[in-house]
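For reference, the structure discussed in these notes is given below.
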Amino acid sequence: MAEDAGKKDEIRNFLKRVNNGVNFIEEIWIEREVKQRGSEGKFNDAKSRSGRQISNITELLTDDLRYSFDGNFIFRFIAAAPGSGKTTLLDYLRELIEVDPKYRKHAIVVQFPFNELLSESGNESFGVKFYSYVLTRTFWELMRDTNTNLSNEIKEIAKKSLSRIIGDEEVAKLELKVNSEMDFTEQLGEYFAKKQSTNFKKRFFDTIKYFIQFDPQVTFVYLMDELDGLQTYQNYVQDARSIVRDLINEGLAGGKNIRLMIYMVGVSDDVETFIKADQALYSRVSDSVINLVAYRREECEQIRTKIEKLIEAVYIGCNDFDRAWKEIKDIQLEPAHDYGSLREFCKKFSEKVIEIHEKYFSHFDKSFNKFESRARQLVEIQAKNKWSEYLGDNLTKEVHKIEPNQSYLGHTTWEKYKGKGGYVILVAKTTTTIRGVKDHALDCYAELWHNNAPVAKAYGEAKHYPLTKEHIDTFYQWLNEFNWEPFPTGRNPSDLAFIISPYCTDLQKRKLKIKGIEFIEAERIDDLSPNFTKENGCGSSSPKPEGSVLQNGVSLNKAEKKEIILALKGTGIKEKFIEKLMNNRPYKDFNDLAYKIKPTTIQRSKLEMKLNSGEISFD
């Protein structure tokens, strides 16, 4: 973000996330190959429940989701060494649910570690602890006010279902606590504790069937981590095996429409011991186990490449980039000696990259690319298209000037386009400062006005490198501070929001779409000429020589061929045309250029766009 660019906080925070090794990190997610048990070599192994062919983790999880939402029961054990990605797999499954509209609106996802369940107070049997805890967590997910995925209809079913257990009066009291997880779960736990005669196993399955009766698409997903926590509670282990058997028996007996997914995750040795000690259990689950290897060297190299590419995209062109890049490429980490799991590799590699980052890049505090100009053009085009219903097709352009002492959002000049019926669009051509909790500097901004009053706004942020979670989260926070209205219910048109970047993952695109933010892919544009000084962010203290790259962009009358090629990059204008352009110099203005070299309609449009954005000039 503009206000944080000097500190490079986004990249620092990304590297810290990698170093912490906690939860799913989308920016370094790789496809982990899956093979059938018994395959030669060191691979993750699993078998699809549907019978379809699967080759990687994503295909396996999406197949499980499809199979379950078709109305089938699924039970899985995930067995893996510490640090091999077993918890990440659970988080990734949640992500896949979250970004798919047909899943997210009907999935009740409950995720917890066994350690949390085992820490519950009370002298009840493990079975009572387990089912009452799971029911408590289920109703919290159903009724919490922050769960905006679920419809009001599902929440109403939840209240009716809970009333059958504890009564209407107690449910009404709980509704006052739907904004506090601890208050809600403690209170509901106390209510359940009073139900000494309740068969909680039957109540659990009865609750699921009750929901399906009213909403056949509802699916319950339980993600239970740290099964190895049972090792310190040996008196519970046999009961736990019985519970797993019961869950599977009841799930399979429920027929086609049970709509229940259960994943239990633990360390490989503990899972194997847990299963094999009970032959009846083993016969039920042996084909349902997902075994994850600690790492494969190829997987670590893929993660390394993703981190390197992000660093390169952010800092290439800086004065010290070559030295930093050499040090990054020289990092040596040997499997078994330096790391024994994916988590250890990520930690060791990111630690070294962080050191290099702080050594060379901590003081670079401004952009050294021309990406924001391109982003403003793209947002302007999109805003005109999105608001075309109000503006019409025949826009009249003019410059909208404001007295300096009466500037609007820091601008005294706006590009103004008049449309039909009293509608106009104002487009800012430079960074726009807007007040949120504090002042935020937006790369792109436009407003739709009707009869001299703003009725909708368009916000845009640009990054010349692949998007990170930090960038998306911060932009979304800003939008909320601006009272952004992407889905208005009144007569006014929608507000718009755009993120512009050379790359965005499929998961990120889906998340942005859910939030109402549109992703625009745009080719990275760098100005890596030696004219950029330390003030421009590249650390060079040499004076800026007089030459072709001026304040108003690359001069078509003075620039060398390579500079013009760079300035016109991304337009599709060929080198042959650029040679023709150079052979007919000088030009007085754009009309003179059009007369001399007669560009096509597309070439003319591209050149005008570059000229309007200030990336080229005739100075």
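Just remember, in the structure tokens the first chain shown is A, the second B, etc., residues are 1-based per chain, and ligands are 1-based in the order shown.
The protein and nucleic acid residues lying at most 6 Å from Leu448 of chain A are Val424, Ile425, Pro454, Val455 and Ala456 of chain A, with only C-alpha atoms considered and sequence neighbours fewer than 6 positions away removed.
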Keeping only C-alpha atoms, write the selected residues as a PDB file, in the first residue's frame.
ATOM      1  CA  VAL A 424     -21.007  12.364 -15.012  1.00  0.00           C
ATOM      2  CA  ILE A 425     -17.921  10.422 -13.992  1.00  0.00           C
ATOM      3  CA  PRO A 454     -21.930  11.652  -5.920  1.00  0.00           C
ATOM      4  CA  VAL A 455     -23.983   8.425  -6.074  1.00  0.00           C
ATOM      5  CA  ALA A 456     -21.281   5.738  -6.436  1.00  0.00           C
TER       6      ALA A 456
END
Q.
Give me the residues near segment 212-228 of chain A as a PyMOL selection string, where near means some atom within 7 Å (using only C-alpha atoms) and where sequence neighbours in that chain fewer than 2 positions away do not count.
A. chain A and resi 69+87+90+106-115+208-210+230-231+259-267+270
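Residue neighbourhood of Ser84 of chain A, excluding near-sequence residues (fewer than 2 positions): Ala81, Pro82, Ala294, Ser341 and Leu342 of chain A, at 6 Å, using only C-alpha atoms.
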Counting only C-alpha atoms, closest pick from A:Leu281, A:Ile57, A:Met609, A:Leu93 relative to Arg32 of chain A is A:Ile57
Checklist line | Test item: residues at most 12 Å from segment 428-438 of chain A, only C-alpha atoms, excluding those fewer than 4 positions along its chain, as a ChimeraX atom specification | finding: /A:1-3,370,372-380,399-401,407-417,442-448,457-462,475-484,612-614
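Minimum distance to Lys574 of chain A across A:Ser197, A:Gln603, A:Asn452, A:Asn123 (counting only C-alpha atoms) occurs at A:Gln603.
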(request) Could you tell me, as a count of residues only, which residues of segment 158-339 of chain A DSSP assigns to helix (DSSP H, G or I) when given the backbone? (result) 122
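If you count only C-alpha atoms and ignore residues fewer than 3 places along the chain from Arg343 of chain A, what sits within 9 Å of it is A:Val18, A:Asn19, A:Asn20, A:Gly21, A:Val22, A:Pro82, A:Gly83, A:Ser84, A:Gly85, A:Ala294, A:Tyr295, A:Tyr339, A:Gly340, A:Cys346, A:Lys347, A:Lys348.
Every protein or nucleic acid residue with an atom no more than 9 Å from segment 126-129 of chain A, counting only C-alpha atoms and leaving out same-chain residues fewer than 6 positions away, appears here: Leu117, Leu118, Glu120, Asn199, Phe200, Lys201, Asn235, Tyr236, Val237, Asp239, Ala240, Ser242 and Ile243 of chain A.
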Would you write out those residues with N, CA, C and O atoms, as an mmCIF file, in the first residue's frame?
data_model
loop_
_atom_site.group_PDB
_atom_site.id
_atom_site.type_symbol
_atom_site.label_atom_id
_atom_site.label_comp_id
_atom_site.auth_asym_id
_atom_site.auth_seq_id
_atom_site.Cartn_x
_atom_site.Cartn_y
_atom_site.Cartn_z
ATOM 1 N N LEU A 117 -10.736 -30.318 23.453
ATOM 2 C CA LEU A 117 -11.821 -31.144 23.978
ATOM 3 C C LEU A 117 -11.407 -31.788 25.299
ATOM 4 O O LEU A 117 -12.177 -31.827 26.258
ATOM 5 N N LEU A 118 -10.171 -32.287 25.341
ATOM 6 C CA LEU A 118 -9.707 -33.009 26.525
ATOM 7 C C LEU A 118 -9.499 -32.102 27.729
ATOM 8 O O LEU A 118 -9.450 -32.567 28.863
ATOM 9 N N GLU A 120 -11.598 -29.908 28.711
ATOM 10 C CA GLU A 120 -12.896 -29.573 29.305
ATOM 11 C C GLU A 120 -12.998 -30.163 30.716
ATOM 12 O O GLU A 120 -12.606 -31.304 30.960
ATOM 13 N N ASN A 199 -28.873 -39.057 25.895
ATOM 14 C CA ASN A 199 -27.943 -39.860 25.104
ATOM 15 C C ASN A 199 -27.367 -38.930 24.042
ATOM 16 O O ASN A 199 -27.993 -38.665 23.013
ATOM 17 N N PHE A 200 -26.163 -38.416 24.304
ATOM 18 C CA PHE A 200 -25.608 -37.379 23.440
ATOM 19 C C PHE A 200 -25.251 -37.896 22.056
ATOM 20 O O PHE A 200 -25.268 -37.142 21.086
ATOM 21 N N LYS A 201 -24.899 -39.175 21.952
ATOM 22 C CA LYS A 201 -24.617 -39.730 20.622
ATOM 23 C C LYS A 201 -25.881 -39.686 19.771
ATOM 24 O O LYS A 201 -25.866 -39.219 18.625
ATOM 25 N N ASN A 235 -6.726 -43.459 29.590
ATOM 26 C CA ASN A 235 -8.030 -43.977 30.031
ATOM 27 C C ASN A 235 -9.146 -43.630 29.053
ATOM 28 O O ASN A 235 -10.250 -44.192 29.131
ATOM 29 N N TYR A 236 -8.879 -42.699 28.134
ATOM 30 C CA TYR A 236 -9.885 -42.314 27.160
ATOM 31 C C TYR A 236 -9.726 -43.035 25.815
ATOM 32 O O TYR A 236 -10.629 -42.976 24.979
ATOM 33 N N VAL A 237 -8.573 -43.670 25.585
ATOM 34 C CA VAL A 237 -8.253 -44.172 24.251
ATOM 35 C C VAL A 237 -9.269 -45.198 23.764
ATOM 36 O O VAL A 237 -9.754 -45.134 22.629
ATOM 37 N N ASP A 239 -12.343 -45.672 24.770
ATOM 38 C CA ASP A 239 -13.614 -45.001 24.519
ATOM 39 C C ASP A 239 -13.585 -44.257 23.182
ATOM 40 O O ASP A 239 -14.589 -44.233 22.458
ATOM 41 N N ALA A 240 -12.440 -43.636 22.889
ATOM 42 C CA ALA A 240 -12.308 -42.899 21.633
ATOM 43 C C ALA A 240 -12.456 -43.835 20.437
ATOM 44 O O ALA A 240 -13.091 -43.485 19.432
ATOM 45 N N SER A 242 -14.173 -46.570 20.368
ATOM 46 C CA SER A 242 -15.595 -46.924 20.307
ATOM 47 C C SER A 242 -16.399 -45.807 19.637
ATOM 48 O O SER A 242 -17.318 -46.070 18.849
ATOM 49 N N ILE A 243 -16.044 -44.564 19.965
ATOM 50 C CA ILE A 243 -16.742 -43.421 19.367
ATOM 51 C C ILE A 243 -16.531 -43.391 17.863
ATOM 52 O O ILE A 243 -17.472 -43.165 17.088
#
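Atom pair atom CA of Thr148 of chain A / atom CA of Arg94 of chain A has a distance of 15.2 Å (rounded to one decimal).
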